[in-house]
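Source file work.cif; content: mmCIF, C-alpha atoms.
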data_model
loop_
_atom_site.label_atom_id
_atom_site.label_comp_id
_atom_site.auth_asym_id
_atom_site.auth_seq_id
_atom_site.Cartn_x
_atom_site.Cartn_y
_atom_site.Cartn_z
CA MET A 286 -25.36 -4.64 16.25
CA HIS A 287 -21.98 -3.11 17.07
CA CYS A 288 -21.74 -0.06 19.32
CA ILE A 289 -19.28 1.38 16.76
CA GLU A 290 -19.25 0.52 13.05
CA GLN A 291 -16.72 -2.28 12.51
CA ASP A 292 -17.70 -3.88 9.20
CA SER A 293 -14.95 -2.24 7.15
CA LEU A 294 -12.35 -3.50 9.64
CA SER A 295 -13.38 -7.12 9.16
CA ARG A 296 -13.83 -6.75 5.38
CA ARG A 297 -10.27 -5.52 4.94
CA ARG A 298 -8.25 -8.59 4.04
CA SER A 299 -5.25 -9.43 1.89
CA ILE A 300 -6.89 -10.38 -1.40
CA TYR A 301 -4.71 -12.22 -3.91
CA GLY A 302 -7.38 -13.37 -6.36
CA LEU A 303 -7.86 -10.01 -8.07
CA GLY A 304 -9.68 -9.04 -11.27
CA ASP A 305 -9.45 -5.97 -13.50
CA GLU A 306 -12.84 -4.44 -12.70
CA ILE A 307 -14.03 -2.32 -9.78
CA SER A 308 -17.43 -1.42 -8.36
CA VAL A 309 -16.97 2.37 -8.75
CA THR A 310 -15.97 4.71 -11.56
CA GLU A 311 -12.33 5.58 -12.15
CA ALA A 312 -13.06 9.14 -11.03
CA CYS A 313 -14.53 7.90 -7.74
CA PHE A 314 -11.61 5.52 -7.25
CA LEU A 315 -9.10 8.34 -7.66
CA GLU A 316 -11.13 10.76 -5.55
CA THR A 317 -11.18 8.25 -2.69
CA ILE A 318 -7.38 7.89 -2.78
CA GLU A 319 -7.00 11.68 -2.84
CA ALA A 320 -9.23 11.97 0.23
CA CYS A 321 -7.11 9.41 2.08
CA VAL A 322 -3.90 11.27 1.23
CA LYS A 323 -5.41 14.60 2.25
CA HIS A 324 -6.92 13.54 5.56
CA SER A 325 -4.47 10.93 6.91
CA PRO A 326 -2.62 12.27 9.97
CA SER A 327 1.11 12.95 10.19
CA ALA A 328 3.41 14.20 12.93
CA PHE A 329 3.74 18.00 12.95
CA ASN A 330 1.42 17.91 9.91
CA VAL A 331 4.49 17.21 7.75
CA GLN A 332 2.38 15.44 5.09
CA SER A 333 5.45 13.61 3.77
CA ALA A 334 3.59 10.62 2.32
CA ARG A 335 3.40 10.46 -1.48
CA VAL A 336 1.25 8.23 -3.68
CA VAL A 337 1.51 7.14 -7.31
CA VAL A 338 -1.53 5.50 -8.93
CA LEU A 339 -0.87 3.25 -11.92
CA LEU A 340 -3.77 2.44 -14.24
CA GLY A 341 -4.03 0.61 -17.56
CA GLU A 342 -0.74 -0.03 -19.31
CA TYR A 343 1.23 1.68 -16.54
CA HIS A 344 -0.15 -0.85 -14.06
CA LYS A 345 0.74 -3.74 -16.39
CA LYS A 346 4.24 -2.43 -17.08
CA PHE A 347 4.93 -2.01 -13.38
CA TRP A 348 4.34 -5.70 -12.67
CA ASP A 349 6.36 -6.65 -15.74
CA ILE A 350 9.26 -4.69 -14.24
CA VAL A 351 8.75 -6.57 -10.98
CA TRP A 352 8.73 -9.94 -12.76
CA GLN A 353 11.76 -9.20 -14.95
CA THR A 354 13.67 -8.25 -11.79
CA VAL A 355 12.41 -11.02 -9.51
CA LYS A 356 13.15 -13.83 -11.95
CA LYS A 357 16.82 -12.85 -11.95
CA VAL A 358 17.11 -13.49 -8.20
CA THR A 359 14.72 -16.42 -7.75
CA SER A 360 15.69 -20.08 -7.64
CA LYS A 361 14.36 -22.43 -10.34
CA GLU A 362 12.28 -24.22 -7.71
CA ARG A 363 10.47 -21.00 -6.76
CA LEU A 364 10.21 -19.46 -10.23
CA ALA A 365 6.76 -20.79 -11.17
CA ALA A 366 5.22 -19.80 -7.83
CA SER A 367 6.74 -16.32 -8.07
CA LYS A 368 5.44 -15.92 -11.61
CA ASP A 369 1.91 -16.94 -10.55
CA LYS A 370 1.96 -14.50 -7.64
CA ILE A 371 3.13 -11.55 -9.72
CA THR A 372 0.67 -12.41 -12.50
CA SER A 373 -2.16 -12.26 -9.96
CA PHE A 374 -1.13 -8.69 -9.16
CA SER A 375 -0.87 -7.79 -12.85
CA ASP A 376 -4.40 -9.15 -13.39
CA ALA A 377 -5.76 -6.49 -11.02
CA TYR A 378 -7.32 -3.15 -11.94
CA ALA A 379 -4.62 -0.80 -10.62
CA THR A 380 -1.56 -0.48 -8.43
CA ILE A 381 -1.05 2.16 -5.75
CA LEU A 382 2.57 2.95 -4.90
CA PHE A 383 3.31 4.44 -1.49
CA TYR A 384 6.34 6.69 -1.01
CA GLU A 385 7.88 8.81 1.72
CA ASP A 386 9.42 12.16 0.79
CA ASN A 387 12.79 12.28 2.58
CA LYS A 388 13.15 15.96 1.75
CA ALA A 389 10.06 16.86 3.79
CA VAL A 390 11.22 14.73 6.72
CA ASN A 391 14.76 16.17 6.65
CA GLU A 392 13.41 19.72 6.64
CA LEU A 393 11.40 18.88 9.73
CA LYS A 394 14.54 17.58 11.44
CA LYS A 395 16.27 20.92 10.81
CA LYS A 396 13.27 22.87 12.08
CA PHE A 397 12.81 20.80 15.25
CA PRO A 398 16.24 19.29 16.08
CA LEU A 399 15.06 18.19 19.54
CA TYR A 400 12.87 15.53 17.92
CA LYS A 401 15.08 14.66 14.93
CA LYS A 402 15.59 11.03 16.02
CA ASN A 403 11.85 10.46 15.99
CA PHE A 404 10.76 12.02 12.70
CA ARG A 405 11.72 9.00 10.58
CA ILE A 406 9.76 6.69 12.88
CA TRP A 407 6.77 9.01 12.95
CA ALA A 408 6.82 9.35 9.16
CA GLU A 409 6.77 5.57 8.76
CA GLN A 410 3.87 5.34 11.19
CA ALA A 411 1.97 8.02 9.26
CA ASN A 412 2.61 6.21 5.97
CA GLY A 413 1.28 3.03 7.53
CA MET A 414 -1.87 4.87 8.58
CA LEU A 415 -2.30 6.15 5.03
CA GLN A 416 -1.89 2.64 3.63
CA TYR A 417 -4.49 1.36 6.08
CA ALA A 418 -6.89 4.21 5.28
CA VAL A 419 -6.66 3.40 1.55
CA TRP A 420 -7.07 -0.32 2.27
CA LEU A 421 -10.17 0.32 4.37
CA THR A 422 -11.78 2.53 1.75
CA MET A 423 -11.08 -0.12 -0.88
CA ALA A 424 -12.80 -2.70 1.34
CA GLU A 425 -15.76 -0.39 1.90
CA ASN A 426 -16.20 -0.19 -1.88
CA GLU A 427 -15.81 -3.98 -2.30
CA ILE A 428 -12.42 -3.58 -3.95
CA GLY A 429 -9.84 -6.20 -3.04
CA ALA A 430 -6.24 -5.28 -2.26
CA SER A 431 -3.03 -6.53 -0.73
CA LEU A 432 0.19 -4.85 0.36
CA GLN A 433 3.47 -5.85 -1.30
CA HIS A 434 7.11 -4.90 -0.72
CA TYR A 435 9.38 -5.31 -3.72
CA ASN A 436 11.00 -1.98 -2.87
CA GLU A 437 14.75 -2.61 -3.03
CA LEU A 438 14.53 -4.71 -6.20
CA ILE A 439 12.64 -2.21 -8.33
CA GLU A 440 12.85 1.26 -6.80
CA SER A 441 15.64 2.64 -8.97
CA GLU A 442 14.15 1.42 -12.25
CA VAL A 443 10.64 2.60 -11.35
CA ARG A 444 11.96 6.03 -10.33
CA GLN A 445 13.70 6.41 -13.69
CA TRP A 446 10.70 5.09 -15.65
CA LEU A 447 8.19 7.44 -13.98
CA ASN A 448 10.68 10.32 -13.52
CA LEU A 449 10.02 10.54 -9.79
CA PRO A 450 12.04 12.79 -7.44
CA HIS A 451 15.11 11.18 -5.88
CA SER A 452 13.88 12.27 -2.46
CA TRP A 453 10.88 9.91 -2.75
CA LYS A 454 11.59 6.63 -0.95
CA MET A 455 9.42 3.66 -1.99
CA VAL A 456 7.57 2.09 0.93
CA ALA A 457 4.99 -0.37 -0.48
CA GLN A 458 2.86 -1.40 -3.44
CA MET A 459 -0.89 -2.13 -3.34
CA PRO A 460 -2.45 -4.00 -6.28
CA CYS A 461 -6.23 -3.68 -6.17
CA GLY A 462 -9.27 -4.76 -8.18
CA SER A 463 -12.36 -6.91 -8.12
CA ILE A 464 -12.42 -9.80 -5.65
CA ASP A 465 -12.31 -12.87 -7.88
CA LYS A 466 -11.36 -15.26 -5.07
CA GLU A 467 -12.33 -14.88 -1.42
CA PRO A 468 -9.49 -15.20 1.09
CA ALA A 469 -9.24 -18.17 3.44
CA SER A 470 -10.61 -17.82 6.94
CA LYS A 471 -8.35 -15.94 9.32
CA THR A 472 -7.29 -17.03 12.79
CA PHE A 473 -6.90 -14.63 15.69
CA LEU A 474 -4.90 -14.75 18.88
CA PRO A 475 -7.01 -14.46 22.06
CA LEU A 476 -7.68 -10.78 22.74
CA LYS A 477 -7.10 -11.36 26.46
CA ASP A 478 -3.45 -11.93 25.56
CA ARG A 479 -3.25 -8.74 23.49
CA ILE A 480 -5.26 -6.18 25.45
CA LYS A 481 -5.01 -5.13 29.09
CA ILE A 482 -7.76 -3.00 30.59
CA PHE A 483 -7.43 -1.18 33.91
CA LYS A 484 -10.35 0.58 35.58
#
Please render this file's structure as structure tokens.
Amino acid sequence: MHCIEQDSLSRRRSIYGLGDEISVTEACFLETIEACVKHSPSAFNVQSARVVVLLGEYHKKFWDIVWQTVKKVTSKERLAASKDKITSFSDAYATILFYEDNKAVNELKKKFPLYKKNFRIWAEQANGMLQYAVWLTMAENEIGASLQHYNELIESEVRQWLNLPHSWKMVAQMPCGSIDKEPASKTFLPLKDRIKIFK
């Protein structure tokens, strides 16, 4: 027995063998993401993180955009492996896109100029916390996920396709779905080398 619940921490893994089913209803899936967006912390309560959820054909088209772009910049030797990887994401149930709203961050810089150098860093940290919160809730509901970063290659085309505001900066992509293949065992560095305790 753990003194504090830790199961969701250990269940959260990068899952690449994804299927197109989930253990909850679509409504529950979306409600869980909304709760994460609503309750994740941010500096000065700026709430600058933005999320786009792609289901069905939107999810499929997104990964087709990724593939059509990636294959133009990938060597022949790596093409098959890249195709397999992107197909595994397309085979999932949905994709969650994480964005940062530059407009909200810039307004905060004007309001609190003393801290303006830090707001970009704090916003990135907050977005990371949101990503982790979503990832944990997926794990708690036995939904596999991984975090991907095809940002620079696809951001402009995806923005135009979905008609997203220009102030939204793409941060990451999270394909998620049923866990069709368990991940390999994970190794850990000794905690004594990572944590110092003084008392």
Please tabulate, as JSON lines, the residues of segment 349-453 of chain A that come within 6 Å of segment 328-334 of chain A, each with its closest pair of atoms and the distance in Å to one decimal, counting all atoms listed in the file and ordering rows by chain, then residue number upward.
{"residue": "A:Tyr384", "atom": "CA", "partner": "A:Ala334", "partner_atom": "CA", "distance": 5.8}
{"residue": "A:Glu385", "atom": "CA", "partner": "A:Ala334", "partner_atom": "CA", "distance": 4.7}
{"residue": "A:Asp386", "atom": "CA", "partner": "A:Ser333", "partner_atom": "CA", "distance": 5.2}
{"residue": "A:Ala389", "atom": "CA", "partner": "A:Ser333", "partner_atom": "CA", "distance": 5.6}
{"residue": "A:Asn412", "atom": "CA", "partner": "A:Ala334", "partner_atom": "CA", "distance": 5.8}
| task | Quick one: everything within 12 Å of Tyr343 of chain A, counting all atoms listed in the file, minus sequence neighbours fewer than 2 positions away in the same chain. Send it as an NGL selection string. | result | :A and (337-341 or 345-350 or 375 or 378-382 or 443 or 446-447)
| message | I'd like the interatomic distance between atom CA of Ser325 of chain A and atom CA of Ala418 of chain A, to a tenth of an Å. | response | 7.3 Å
Show me, as a PDB file with C-alpha atoms, in the coordinates of the input, the residues that have an atom within 12 Å of Val358 of chain A when counting all atoms listed in the file, minus same-chain residues fewer than 6 positions from it.
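Just written: result39.pdb:
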ATOM      1  CA  VAL A 351       8.750  -6.570 -10.980  1.00  0.00           C
ATOM      2  CA  TRP A 352       8.730  -9.940 -12.760  1.00  0.00           C
ATOM      3  CA  LEU A 364      10.210 -19.460 -10.230  1.00  0.00           C
ATOM      4  CA  SER A 367       6.740 -16.320  -8.070  1.00  0.00           C
ATOM      5  CA  LEU A 438      14.530  -4.710  -6.200  1.00  0.00           C
TER       6      LEU A 438
END
| Near Met414 of chain A, within 12 Å and counting all atoms listed in the file, which residues show up once chain neighbours fewer than 2 positions away are dropped, as a PyMOL selection string? | chain A and resi 321-322+324-328+332+334+383+407-412+416-421
